[in-house]
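Raw contents of target-v7.cif, mmCIF, C-alpha atoms and all ligand atoms:
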```
data_final
#
loop_
_atom_site.label_atom_id
_atom_site.label_comp_id
_atom_site.auth_asym_id
_atom_site.auth_seq_id
_atom_site.Cartn_x
_atom_site.Cartn_y
_atom_site.Cartn_z
CA MET A 871 9.90 -119.94 41.98
CA LYS A 872 13.33 -120.24 43.63
CA ARG A 873 14.75 -123.74 44.09
CA SER A 874 14.46 -125.17 47.56
CA PHE A 875 17.47 -124.34 49.70
CA ILE A 876 17.20 -127.79 51.25
CA ARG A 877 17.43 -129.49 47.84
CA GLU A 878 20.53 -127.46 47.03
CA ILE A 879 22.07 -128.29 50.38
CA LEU A 880 21.28 -132.00 50.04
CA GLU A 881 22.98 -131.97 46.66
CA SER A 882 26.12 -130.29 48.03
CA ILE A 883 26.47 -132.83 50.82
CA THR A 884 29.43 -135.21 50.47
CA PRO A 885 30.05 -138.33 52.60
CA GLU A 886 32.29 -136.14 54.80
CA THR A 887 29.60 -133.51 55.48
CA ILE A 888 27.95 -133.46 58.89
CA SER A 889 24.35 -132.67 58.01
CA PHE A 890 21.87 -131.21 60.46
CA ALA A 891 19.83 -130.02 57.46
CA GLY A 892 17.32 -132.52 55.99
CA GLY A 893 14.47 -134.21 57.88
CA LEU A 894 16.17 -137.58 57.47
CA PRO A 895 15.48 -140.68 59.56
CA ASP A 896 18.42 -142.69 60.94
CA GLU A 897 19.03 -145.42 58.34
CA HIS A 898 20.50 -147.70 61.01
CA LEU A 899 16.96 -148.00 62.35
CA PHE A 900 15.27 -148.99 59.07
CA PRO A 901 13.69 -152.47 59.47
CA HIS A 902 15.34 -153.52 56.22
CA GLU A 903 15.54 -157.25 56.99
CA ALA A 904 11.80 -157.42 57.69
CA LEU A 905 11.09 -155.34 54.57
CA ARG A 906 13.30 -157.65 52.52
CA THR A 907 11.37 -160.68 53.78
CA SER A 908 8.09 -158.95 52.87
CA ALA A 909 9.46 -157.95 49.44
CA ASN A 910 10.48 -161.56 48.73
CA ARG A 911 7.05 -162.84 49.69
CA ILE A 912 5.29 -160.23 47.55
CA LEU A 913 7.51 -160.72 44.51
CA SER A 914 6.86 -164.45 44.51
CA ASP A 915 3.38 -163.65 43.14
CA PRO A 916 3.48 -161.95 39.68
CA SER A 917 -0.02 -160.50 40.13
CA HIS A 918 1.58 -157.88 42.41
CA LEU A 919 3.26 -156.37 39.34
CA GLN A 920 -0.04 -155.48 37.64
CA TYR A 921 -1.73 -152.02 37.37
CA SER A 922 -3.82 -151.12 40.39
CA THR A 923 -6.55 -148.72 41.57
CA SER A 924 -6.08 -144.95 41.99
CA SER A 925 -7.16 -144.84 45.62
CA GLY A 926 -4.58 -147.47 46.60
CA ILE A 927 -4.74 -151.20 47.34
CA LEU A 928 -7.68 -152.11 49.54
CA PRO A 929 -5.86 -154.19 52.21
CA LEU A 930 -3.40 -151.34 52.93
CA ARG A 931 -6.25 -148.80 53.13
CA GLU A 932 -8.00 -151.15 55.56
CA GLN A 933 -4.87 -151.36 57.72
CA ILE A 934 -4.41 -147.59 57.83
CA ALA A 935 -8.12 -147.15 58.63
CA ALA A 936 -7.76 -149.68 61.46
CA ILE A 937 -4.81 -147.71 62.92
CA TYR A 938 -6.99 -144.55 63.04
CA SER A 939 -9.97 -146.43 64.51
CA GLY A 940 -7.67 -147.97 67.13
CA GLN A 941 -6.78 -144.43 68.22
CA GLY A 942 -10.46 -143.56 68.61
CA PHE A 943 -10.75 -141.76 65.23
CA GLU A 944 -13.42 -143.89 63.50
CA THR A 945 -12.21 -144.50 59.92
CA HIS A 946 -13.08 -146.86 57.02
CA ALA A 947 -11.02 -147.91 54.02
CA ASP A 948 -13.16 -145.56 51.86
CA ASN A 949 -11.82 -142.65 53.90
CA ILE A 950 -8.24 -143.37 52.80
CA LEU A 951 -6.49 -142.31 49.59
CA ILE A 952 -2.93 -143.64 49.24
CA THR A 953 -0.45 -141.10 47.85
CA SER A 954 3.21 -141.07 46.81
CA GLY A 955 4.37 -139.67 50.14
CA SER A 956 2.47 -136.90 51.88
CA GLN A 957 4.21 -134.52 49.48
CA GLN A 958 1.87 -135.75 46.73
CA ALA A 959 -1.08 -135.31 49.08
CA LEU A 960 -0.10 -131.64 49.37
CA ASP A 961 0.20 -131.40 45.60
CA LEU A 962 -3.25 -132.96 45.05
CA LEU A 963 -4.83 -130.60 47.57
CA SER A 964 -3.07 -127.57 46.11
CA ARG A 965 -4.38 -128.41 42.65
CA HIS A 966 -7.88 -128.84 44.02
CA TYR A 967 -7.77 -125.54 45.95
CA ARG A 968 -5.78 -123.70 43.25
CA ASP A 969 -6.04 -119.86 43.30
CA ARG A 970 -7.56 -119.82 46.82
CA SER A 971 -6.16 -118.15 49.93
CA ILE A 972 -4.91 -120.35 52.76
CA THR A 973 -4.04 -119.64 56.39
CA ILE A 974 -0.70 -121.18 57.38
CA GLU A 975 1.70 -121.11 60.32
CA SER A 976 4.71 -118.81 60.30
CA PRO A 977 7.22 -120.43 60.08
CA SER A 978 5.97 -123.40 58.05
CA TYR A 979 7.07 -126.43 56.01
CA LEU A 980 9.11 -125.34 53.00
CA GLY A 981 7.79 -128.11 50.74
CA ALA A 982 4.20 -127.03 51.33
CA MET A 983 4.93 -123.34 50.80
CA GLY A 984 6.62 -124.20 47.48
CA ILE A 985 3.62 -126.20 46.21
CA PHE A 986 1.16 -123.53 47.36
CA ALA A 987 3.10 -120.89 45.40
CA LEU A 988 3.25 -123.13 42.33
CA ASN A 989 -0.55 -123.54 42.39
CA HIS A 990 -1.21 -119.84 43.03
CA LEU A 991 -2.51 -120.32 46.54
CA HIS A 992 -2.12 -117.07 48.41
CA THR A 993 -0.73 -117.80 51.88
CA ASP A 994 -1.73 -115.81 54.94
CA ALA A 995 1.01 -116.59 57.48
CA ILE A 996 0.10 -116.33 61.18
CA THR A 997 2.69 -116.46 63.97
CA LEU A 998 3.19 -119.89 65.56
CA GLU A 999 3.55 -119.63 69.34
CA HIS A 1000 4.99 -122.25 71.69
CA ASP A 1001 1.61 -123.97 72.10
CA GLY A 1002 0.24 -123.49 68.58
CA ILE A 1003 -0.87 -120.80 66.14
CA THR A 1004 -1.91 -117.39 67.58
CA ILE A 1005 -5.66 -117.75 67.93
CA ASN A 1006 -7.12 -114.27 67.31
CA PRO A 1007 -5.30 -113.51 64.05
CA PHE A 1008 -5.90 -117.14 63.02
CA ALA A 1009 -9.66 -116.78 63.49
CA GLN A 1010 -9.71 -113.48 61.57
CA SER A 1011 -7.70 -114.99 58.74
CA LEU A 1012 -9.83 -118.14 58.60
CA GLU A 1013 -12.99 -116.09 58.25
CA ARG A 1014 -11.50 -114.74 55.01
CA THR A 1015 -9.75 -117.83 53.63
CA GLN A 1016 -11.97 -120.69 54.93
CA LEU A 1017 -8.97 -122.93 54.37
CA THR A 1018 -5.99 -123.69 56.61
CA TYR A 1019 -2.86 -125.84 56.61
CA LEU A 1020 -1.39 -126.78 60.00
CA ILE A 1021 1.24 -129.20 61.37
CA PRO A 1022 0.15 -129.58 65.02
CA ASP A 1023 2.53 -132.38 66.06
CA TYR A 1024 6.29 -131.68 66.38
CA GLN A 1025 6.00 -129.10 63.67
CA ASN A 1026 8.44 -128.68 60.82
CA PRO A 1027 10.52 -126.54 61.33
CA THR A 1028 9.97 -125.57 64.99
CA GLY A 1029 9.34 -128.96 66.65
CA ARG A 1030 6.42 -127.34 68.51
CA THR A 1031 3.24 -129.17 69.53
CA TYR A 1032 -0.24 -127.68 69.90
CA SER A 1033 -1.85 -127.72 73.33
CA LEU A 1034 -5.16 -129.56 73.70
CA GLU A 1035 -6.92 -126.22 74.38
CA LYS A 1036 -5.72 -124.76 71.09
CA ARG A 1037 -6.65 -127.92 69.20
CA LYS A 1038 -10.22 -127.57 70.48
CA VAL A 1039 -10.41 -123.85 69.67
CA ILE A 1040 -9.10 -124.45 66.14
CA ALA A 1041 -11.66 -127.22 65.53
CA ALA A 1042 -14.43 -124.88 66.74
CA GLN A 1043 -13.19 -122.06 64.50
CA VAL A 1044 -13.08 -124.31 61.42
CA GLN A 1045 -16.64 -125.38 62.17
CA LYS A 1046 -17.83 -121.83 62.82
CA HIS A 1047 -16.46 -120.46 59.53
CA ASN A 1048 -17.50 -123.47 57.38
CA ALA A 1049 -13.82 -123.85 56.69
CA ILE A 1050 -11.57 -126.80 55.80
CA LEU A 1051 -8.51 -127.97 57.71
CA ILE A 1052 -5.51 -129.66 56.08
CA GLU A 1053 -3.73 -131.30 59.02
CA ASP A 1054 -0.27 -132.62 58.16
CA GLY A 1055 0.99 -135.29 60.57
CA PRO A 1056 4.13 -137.04 59.30
CA TYR A 1057 5.73 -136.75 62.77
CA SER A 1058 2.64 -137.62 64.86
CA ASP A 1059 3.83 -141.16 65.69
CA LEU A 1060 7.24 -139.91 66.86
CA PHE A 1061 6.11 -138.76 70.32
CA PHE A 1062 8.48 -139.09 73.28
CA GLU A 1063 5.85 -138.59 75.98
CA SER A 1064 2.28 -139.19 74.80
CA ARG A 1065 0.21 -139.10 71.63
CA GLN A 1066 -1.81 -135.95 70.98
CA PRO A 1067 -5.33 -136.19 69.51
CA ALA A 1068 -5.65 -135.12 65.88
CA ILE A 1069 -7.66 -131.92 65.38
CA SER A 1070 -9.24 -133.68 62.38
CA ALA A 1071 -10.85 -136.22 64.72
CA MET A 1072 -12.90 -133.34 66.19
CA ILE A 1073 -14.10 -132.23 62.72
CA PRO A 1074 -13.98 -135.38 60.54
CA ASP A 1075 -16.16 -133.93 57.73
CA ARG A 1076 -14.23 -130.67 57.49
CA SER A 1077 -10.68 -132.01 57.45
CA TYR A 1078 -8.01 -133.84 55.53
CA HIS A 1079 -5.54 -135.65 57.76
CA LEU A 1080 -2.24 -136.38 56.01
CA GLY A 1081 0.01 -139.24 57.08
CA SER A 1082 3.20 -140.87 55.87
CA PHE A 1083 5.44 -143.88 56.41
CA SER A 1084 8.50 -141.79 55.45
CA LYS A 1085 9.50 -140.76 58.96
CA THR A 1086 8.45 -143.97 60.73
CA LEU A 1087 9.53 -146.68 58.26
CA ALA A 1088 11.45 -145.59 55.17
CA PRO A 1089 11.03 -142.56 52.89
CA ALA A 1090 12.06 -144.61 49.82
CA LEU A 1091 8.76 -146.52 49.99
CA ARG A 1092 7.07 -143.22 49.03
CA ILE A 1093 3.84 -144.18 50.75
CA GLY A 1094 1.66 -141.55 52.34
CA TRP A 1095 -2.10 -141.06 52.54
CA ILE A 1096 -5.00 -138.68 53.00
CA ARG A 1097 -7.73 -139.47 55.53
CA ALA A 1098 -10.97 -137.59 54.75
CA SER A 1099 -14.69 -138.02 54.15
CA GLU A 1100 -15.61 -139.72 50.88
CA ALA A 1101 -17.14 -136.44 49.67
CA LEU A 1102 -13.84 -134.61 50.19
CA LEU A 1103 -11.74 -137.40 48.64
CA ARG A 1104 -13.80 -137.82 45.45
CA PRO A 1105 -12.54 -134.74 43.53
CA LEU A 1106 -8.94 -135.50 44.56
CA LEU A 1107 -9.14 -138.88 42.81
CA ILE A 1108 -9.51 -137.12 39.44
CA HIS A 1109 -6.22 -135.28 40.05
CA LYS A 1110 -4.59 -138.47 41.30
CA GLU A 1111 -5.58 -140.40 38.17
CA ALA A 1112 -4.25 -137.63 35.97
CA MET A 1113 -0.95 -137.44 37.84
CA ASP A 1114 0.19 -141.07 38.05
CA LEU A 1115 -2.84 -143.44 37.76
CA HIS A 1116 -1.86 -144.86 41.15
CA THR A 1117 0.89 -144.92 43.76
CA ASN A 1118 3.56 -147.62 43.30
CA SER A 1119 1.54 -150.74 44.14
CA LEU A 1120 4.60 -152.93 44.65
CA THR A 1121 5.69 -150.90 47.70
CA GLN A 1122 2.04 -150.77 48.84
CA TYR A 1123 1.91 -154.60 48.84
CA ILE A 1124 5.29 -154.85 50.60
CA LEU A 1125 4.09 -152.44 53.25
CA PHE A 1126 0.80 -154.32 53.61
CA ASP A 1127 2.73 -157.57 54.11
CA TYR A 1128 5.07 -155.94 56.65
CA LEU A 1129 2.17 -154.42 58.63
CA SER A 1130 0.20 -157.66 58.69
CA HIS A 1131 2.94 -159.85 60.19
CA GLY A 1132 2.61 -159.86 63.96
CA ASP A 1133 3.32 -156.73 65.91
CA GLN A 1134 6.64 -155.90 64.24
CA TYR A 1135 5.50 -152.38 63.28
CA ALA A 1136 4.39 -151.54 66.84
CA THR A 1137 7.70 -152.88 68.19
CA HIS A 1138 9.64 -150.91 65.57
CA LEU A 1139 7.81 -147.67 66.48
CA LYS A 1140 8.53 -148.18 70.18
CA ASN A 1141 12.21 -148.70 69.43
CA LEU A 1142 12.32 -145.68 67.12
CA ARG A 1143 10.80 -143.38 69.75
CA LYS A 1144 13.27 -144.61 72.35
CA HIS A 1145 16.29 -144.03 70.08
CA TYR A 1146 15.13 -140.63 68.87
CA ALA A 1147 14.42 -139.48 72.43
CA LYS A 1148 18.03 -140.43 73.28
CA LYS A 1149 19.32 -138.56 70.26
CA ARG A 1150 17.31 -135.47 71.20
CA LYS A 1151 18.89 -135.60 74.66
CA ALA A 1152 22.43 -135.98 73.29
CA PHE A 1153 21.88 -133.16 70.77
CA SER A 1154 20.39 -130.80 73.39
CA GLU A 1155 23.26 -131.48 75.78
CA ALA A 1156 25.85 -130.84 73.07
CA LEU A 1157 24.15 -127.54 72.20
CA THR A 1158 24.07 -126.41 75.83
CA LYS A 1159 27.70 -127.36 76.34
CA TYR A 1160 29.37 -126.22 73.10
CA LEU A 1161 26.99 -123.58 71.72
CA PRO A 1162 25.62 -121.96 74.89
CA SER A 1163 24.38 -118.81 73.13
CA PHE A 1164 21.82 -120.92 71.19
CA VAL A 1165 18.38 -120.42 72.76
CA PHE A 1166 15.99 -123.31 72.13
CA GLU A 1167 13.06 -125.37 73.41
CA LYS A 1168 13.35 -129.12 73.75
CA PRO A 1169 10.83 -130.75 71.38
CA LYS A 1170 8.56 -133.47 72.76
CA GLY A 1171 8.91 -135.58 69.62
CA GLY A 1172 9.66 -135.43 65.91
CA MET A 1173 13.01 -134.72 64.27
CA PHE A 1174 13.93 -131.06 64.81
CA ILE A 1175 15.43 -128.72 67.39
CA TYR A 1176 14.71 -125.10 66.58
CA GLY A 1177 16.06 -121.95 68.17
CA ARG A 1178 17.94 -118.64 67.93
CA LEU A 1179 21.46 -117.35 67.99
CA PRO A 1180 20.59 -113.76 69.01
CA GLY A 1181 22.18 -111.19 66.71
CA VAL A 1182 23.76 -113.76 64.34
CA ASP A 1183 22.94 -113.86 60.62
CA THR A 1184 22.51 -117.63 60.33
CA ALA A 1185 22.43 -117.54 56.49
CA GLU A 1186 26.00 -116.17 56.65
CA LEU A 1187 26.93 -118.72 59.31
CA VAL A 1188 25.84 -121.66 57.14
CA LYS A 1189 27.88 -120.37 54.18
CA MET A 1190 30.92 -120.40 56.45
CA SER A 1191 30.16 -123.75 58.07
CA LEU A 1192 29.49 -125.41 54.70
CA LYS A 1193 33.16 -124.79 53.86
CA LYS A 1194 33.99 -126.78 56.99
CA ARG A 1195 31.46 -129.42 55.94
CA VAL A 1196 28.73 -128.74 58.48
CA VAL A 1197 25.22 -127.77 57.33
CA PHE A 1198 21.91 -126.76 58.90
CA VAL A 1199 18.92 -124.81 57.62
CA PRO A 1200 18.86 -121.08 58.49
CA GLY A 1201 15.47 -119.99 59.88
CA ASN A 1202 14.86 -117.34 57.23
CA GLU A 1203 14.08 -120.11 54.72
CA PHE A 1204 10.86 -121.00 56.57
CA TYR A 1205 9.36 -117.49 56.50
CA GLY A 1206 8.63 -114.95 53.85
CA GLU A 1207 11.32 -112.31 53.35
CA GLY A 1208 13.32 -110.79 56.18
CA ARG A 1209 12.22 -112.86 59.20
CA GLY A 1210 13.94 -115.51 61.29
CA MET A 1211 17.39 -114.19 60.32
CA ASP A 1212 19.00 -115.41 63.56
CA GLU A 1213 17.11 -118.72 63.75
CA ILE A 1214 18.26 -122.26 62.97
CA ARG A 1215 16.62 -125.64 62.41
CA PHE A 1216 18.71 -128.63 63.42
CA ASN A 1217 17.79 -132.22 62.53
CA PHE A 1218 18.80 -134.45 65.43
CA THR A 1219 17.66 -137.88 64.16
CA HIS A 1220 20.17 -138.51 61.38
CA PRO A 1221 23.69 -137.71 62.70
CA ASN A 1222 25.29 -139.97 65.29
CA THR A 1223 26.40 -138.54 68.64
CA GLU A 1224 30.08 -138.30 67.69
CA ALA A 1225 29.24 -136.34 64.52
CA THR A 1226 26.75 -134.19 66.45
CA ILE A 1227 29.38 -133.08 68.96
CA ARG A 1228 32.03 -132.53 66.27
CA GLY A 1229 29.58 -130.55 64.10
CA ILE A 1230 28.38 -128.32 66.93
CA LYS A 1231 31.99 -127.59 67.95
CA ILE A 1232 32.74 -126.56 64.35
CA LEU A 1233 29.71 -124.22 64.40
CA ALA A 1234 30.94 -122.69 67.65
CA ASN A 1235 34.31 -122.16 65.99
CA CYS A 1236 32.71 -120.45 62.97
CA LEU A 1237 30.85 -118.13 65.36
C1 LIG J 1301 5.50 -131.36 57.37
C2 LIG J 1301 5.85 -132.28 56.25
N1 LIG J 1301 4.90 -132.66 55.38
C3 LIG J 1301 5.16 -133.49 54.37
C4 LIG J 1301 6.44 -133.98 54.15
C5 LIG J 1301 6.67 -134.88 52.98
O1 LIG J 1301 7.01 -136.17 53.36
P1 LIG J 1301 6.82 -137.47 52.47
O2 LIG J 1301 6.43 -137.05 51.09
O3 LIG J 1301 8.14 -138.16 52.47
O4 LIG J 1301 5.74 -138.27 53.11
C6 LIG J 1301 7.48 -133.61 55.01
C7 LIG J 1301 8.85 -134.08 54.78
O5 LIG J 1301 9.81 -133.65 55.37
C8 LIG J 1301 7.17 -132.73 56.09
O6 LIG J 1301 8.10 -132.33 56.96
#
```

Write the structure described by the file as C-alpha cells, please.
Amino acid sequence: MKRSFIREILESITPETISFAGGLPDEHLFPHEALRTSANRILSDPSHLQYSTSSGILPLREQIAAIYSGQGFETHADNILITSGSQQALDLLSRHYRDRSITIESPSYLGAMGIFALNHLHTDAITLEHDGITINPFAQSLERTQLTYLIPDYQNPTGRTYSLEKRKVIAAQVQKHNAILIEDGPYSDLFFESRQPAISAMIPDRSYHLGSFSKTLAPALRIGWIRASEALLRPLLIHKEAMDLHTNSLTQYILFDYLSHGDQYATHLKNLRKHYAKKRKAFSEALTKYLPSFVFEKPKGGMFIYGRLPGVDTAELVKMSLKKRVVFVPGNEFYGEGRGMDEIRFNFTHPNTEATIRGIKILANCL
C-alpha cells in the first residue's frame, strides 16, 4: 500500500509553509484553559490513572448517549463504544468486515480507503453528486455488497451534504437489502445553517454512526466513538480488546469533566461554527478574487472547499507550489487511478485570512 500523500505533505510542512492540505482545526479556538482546568481536577485523583474498561468509561458514554437522545436519536450508554479517534472505529469495522465488498462514495476519505485496502475490503466506488451519492448505481451496488460507508455531512473531501430526500432513500435501500450502513460524521456538528438528521437514526439496528471530538474540541485527545445496537457492538469489542485494551482513559476522564461543567461545550461549538463560517467566507472570496478559474461550491459546514481548475494537472501544480511553500491536496488522491486530475481540496479552517490570501495569490502565480 502506498503511503498517504497527506502524511507525506504534513511531514514536509515547515513553519513557513501555508498549508491548505490537512483537515486541521484552528488551534487558536481550542478551549485549552478549560481543558487544563479539567485535567488538573482529574489528575488530583490517582484512581484516574488506573486501567479501565474496553468500551470506555461509563460517564462519558452516558454523556455521548445523552447528546444523541437530545437530538431525537434515542441512545443509551450501552450503544456507545469509545475509540481512539474515529480512525480506530474505521479500523475496528474493517477488521470485522475483512474480505467483504463495500460500497463507498467517489471521491471518499483517504484514511478510510487506506484501511479498507489494508483489510482486503473490496471497494465499489459510486459517484457522489452535489446532494449525495448517485442513487441507482448505489442501490445496485448495495444489493451485491450489503455494506456501505458514507460521510453524509460536509463530506471529506468534497464538503457536500446529502439532501433529506437522499437520506431517506438510502435508509430505505439499506433496509430493503438487509445491508449495514457505516455513517461517518466527524464534521456533523460543524454546520453553518442547520443540523441534518443522521441516516443512522432512520435505521438504528442496521447502522454504525461514527463520531469524534477531533474536529470540535482537539484531535490530540484522540477520542471518538461508535454508536450502534448492542448486537452490532459486541463483536467489535473483541477487536478493541486485542488492539489496545481500552482508549486512553485519562483523556476520557478529562473530556467527561469538561463536558459536565455547565454549558461550556455548547458555547464553544456555537463560537466554532461562527468562526469557521467567517473563514469559509474569507476563503471563498479570496478564491473568487485571486483564482477566478477555480470552479467550486460553497460548503454549508465542515472544513473543506472542493472544486476544479479546468484543464490543469493539480498534482503538477502542487509540486510547483510546494517549492513556494504552499500546499493543498490534489483531487486525484481521493479517487482510484486517473480521476479528479484537475480537482483540488482546500482546508479553510486552519490558515488565517492573511495567509489564505497570500497562499492563493502564490497559487495563481504558479498557474
Ligand atoms: C471522514 C473522516 N473520518 C474519520 C477521520 C478521523 O478522525 P479522528 O481519528 O481524528 O477522529 C477523519 C479525519 O480527518 C475524517 O475526515

Proximity to Asp994 in chain A - best of A:Arg1065, A:His1116, A:Arg1014, A:Arg1215, all atoms listed in the file
A:Arg1014

Can you list every residue of chain A that has an atom at most 9 Å from ligand LIG 1301 (chain J), with its nearest atom pair and the distance in Å to one decimal, using all atoms listed in the file, ordered by chain then number, as a Markdown table?
```
| residue | atom | partner | partner_atom | distance |
| --- | --- | --- | --- | --- |
| A:Gly892 | CA | J:LIG1301 | O5 | 7.6 |
| A:Gly893 | CA | J:LIG1301 | O5 | 5.3 |
| A:Leu894 | CA | J:LIG1301 | O5 | 7.8 |
| A:Thr953 | CA | J:LIG1301 | O4 | 8.6 |
| A:Ser954 | CA | J:LIG1301 | O2 | 6.7 |
| A:Gly955 | CA | J:LIG1301 | O2 | 3.5 |
| A:Ser956 | CA | J:LIG1301 | O4 | 3.8 |
| A:Gln957 | CA | J:LIG1301 | O2 | 3.7 |
| A:Gln958 | CA | J:LIG1301 | O2 | 6.4 |
| A:Ala959 | CA | J:LIG1301 | O2 | 8.0 |
| A:Leu960 | CA | J:LIG1301 | C3 | 7.5 |
| A:Ser978 | CA | J:LIG1301 | C1 | 8.0 |
| A:Tyr979 | CA | J:LIG1301 | C1 | 5.3 |
| A:Leu980 | CA | J:LIG1301 | O6 | 8.1 |
| A:Gly981 | CA | J:LIG1301 | C4 | 6.9 |
| A:Ala982 | CA | J:LIG1301 | N1 | 7.0 |
| A:Leu1020 | CA | J:LIG1301 | C1 | 8.7 |
| A:Ile1021 | CA | J:LIG1301 | C1 | 6.2 |
| A:Gln1025 | CA | J:LIG1301 | C1 | 6.7 |
| A:Asn1026 | CA | J:LIG1301 | C1 | 5.3 |
| A:Pro1027 | CA | J:LIG1301 | O6 | 7.6 |
| A:Asp1054 | CA | J:LIG1301 | N1 | 5.9 |
| A:Gly1055 | CA | J:LIG1301 | C1 | 6.8 |
| A:Pro1056 | CA | J:LIG1301 | C2 | 5.9 |
| A:Tyr1057 | CA | J:LIG1301 | C1 | 7.6 |
| A:Leu1080 | CA | J:LIG1301 | N1 | 8.1 |
| A:Gly1081 | CA | J:LIG1301 | O4 | 7.0 |
| A:Ser1082 | CA | J:LIG1301 | O4 | 4.6 |
| A:Phe1083 | CA | J:LIG1301 | O4 | 6.5 |
| A:Ser1084 | CA | J:LIG1301 | O3 | 4.7 |
| A:Lys1085 | CA | J:LIG1301 | O3 | 7.1 |
| A:Ala1088 | CA | J:LIG1301 | O3 | 8.6 |
| A:Pro1089 | CA | J:LIG1301 | O3 | 5.3 |
| A:Ala1090 | CA | J:LIG1301 | O3 | 8.0 |
| A:Leu1091 | CA | J:LIG1301 | O3 | 8.7 |
| A:Arg1092 | CA | J:LIG1301 | O3 | 6.2 |
| A:Ile1093 | CA | J:LIG1301 | O4 | 6.6 |
| A:Gly1094 | CA | J:LIG1301 | O4 | 5.3 |
| A:Trp1095 | CA | J:LIG1301 | O4 | 8.3 |
```

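Distance check against Glu1167 in chain A using all atoms listed in the file: of A:Phe1216, A:Ile912, A:Tyr1019, A:Ile1040, the minimum falls on A:Phe1216.
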
Once you count all atoms listed in the file, which residues end up no further than 8 Å from (6.7, -119.7, 61.1) in the file's frame, shown as JSON, numbers by chain?
{"A": [975, 976, 977, 978, 995, 996, 997, 998, 1027, 1028, 1204, 1205]}

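Each of A:Ala1156, A:Ile1052, A:Ala1112, A:Leu1139 was compared to Thr1223 in chain A using only C-alpha atoms, and A:Ala1156 turns out to be the nearest.
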
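The interatomic distance for the pair CA of Arg1143 in chain A and CA of Tyr1024 in chain A works out to 13.0 Å.
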
When distances are computed from only C-alpha atoms, which of A:Ala1071, A:Ile937, A:Leu1060, A:Leu991 shows the smallest separation from Gly1029 in chain A?
A:Leu1060

For CA of Gly942 in chain A and CA of Glu1063 in chain A, the interatomic separation in Å (one decimal)
18.6 Å

If we count only C-alpha atoms, what is near Ser1033 in chain A at a cut-off of 8 Å, once residues fewer than 3 positions away on the same chain are taken out, given as a PyMOL selection string?
chain A and resi 1001-1002+1036-1037

Extract, using only C-alpha atoms, all DNA, RNA and protein residues at most 6 Å from Leu1179 in chain A, discarding same-chain residues fewer than 2 positions from it, and format them as a list of chain:residue names.
A:Phe1164, A:Val1182, A:Asp1212

Here's a test: counting only C-alpha atoms, identify every protein, DNA and RNA residue with an atom at most 10 Å from (-4.3, -114.8, 52.8) in the file's coordinate frame, and state them as a list in words.
Arg970, Ser971, Ile972, Thr973, Ile974, Leu991, His992, Thr993, Asp994, Ala995, Ile996, Ser1011, Leu1012, Arg1014, Thr1015, Gln1016, Leu1017 and Thr1018 of chain A

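Going from CA of Asp915 in chain A to CA of Ile934 in chain A covers 23.1 Å.
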
Name the residues in contact with range 1194-1199 of chain A at a cut-off of 10 Å, using all atoms listed in the file, excluding same-chain residues fewer than 4 positions from it; report them as a ChimeraX atom specification.
/A:875-876,879-880,882-892,1027,1176,1184-1185,1187-1190,1203-1204,1213-1217,1225-1226,1228-1230,1232-1233,1236

Any idea what's packed within 10 Å of Ile1069 in chain A, counting all atoms listed in the file, ignoring anything in its chain fewer than 2 positions away? Could you give it as a PyMOL selection string?
chain A and resi 1020+1022+1032+1034+1036-1042+1051-1053+1066-1067+1071-1074+1077+1079

Give me the residues within 8 Å of Asp896 in chain A as a list in words, counting only C-alpha atoms and dropping any in the same chain fewer than 4 places off.
Phe900, Thr1219, His1220 and Pro1221 of chain A
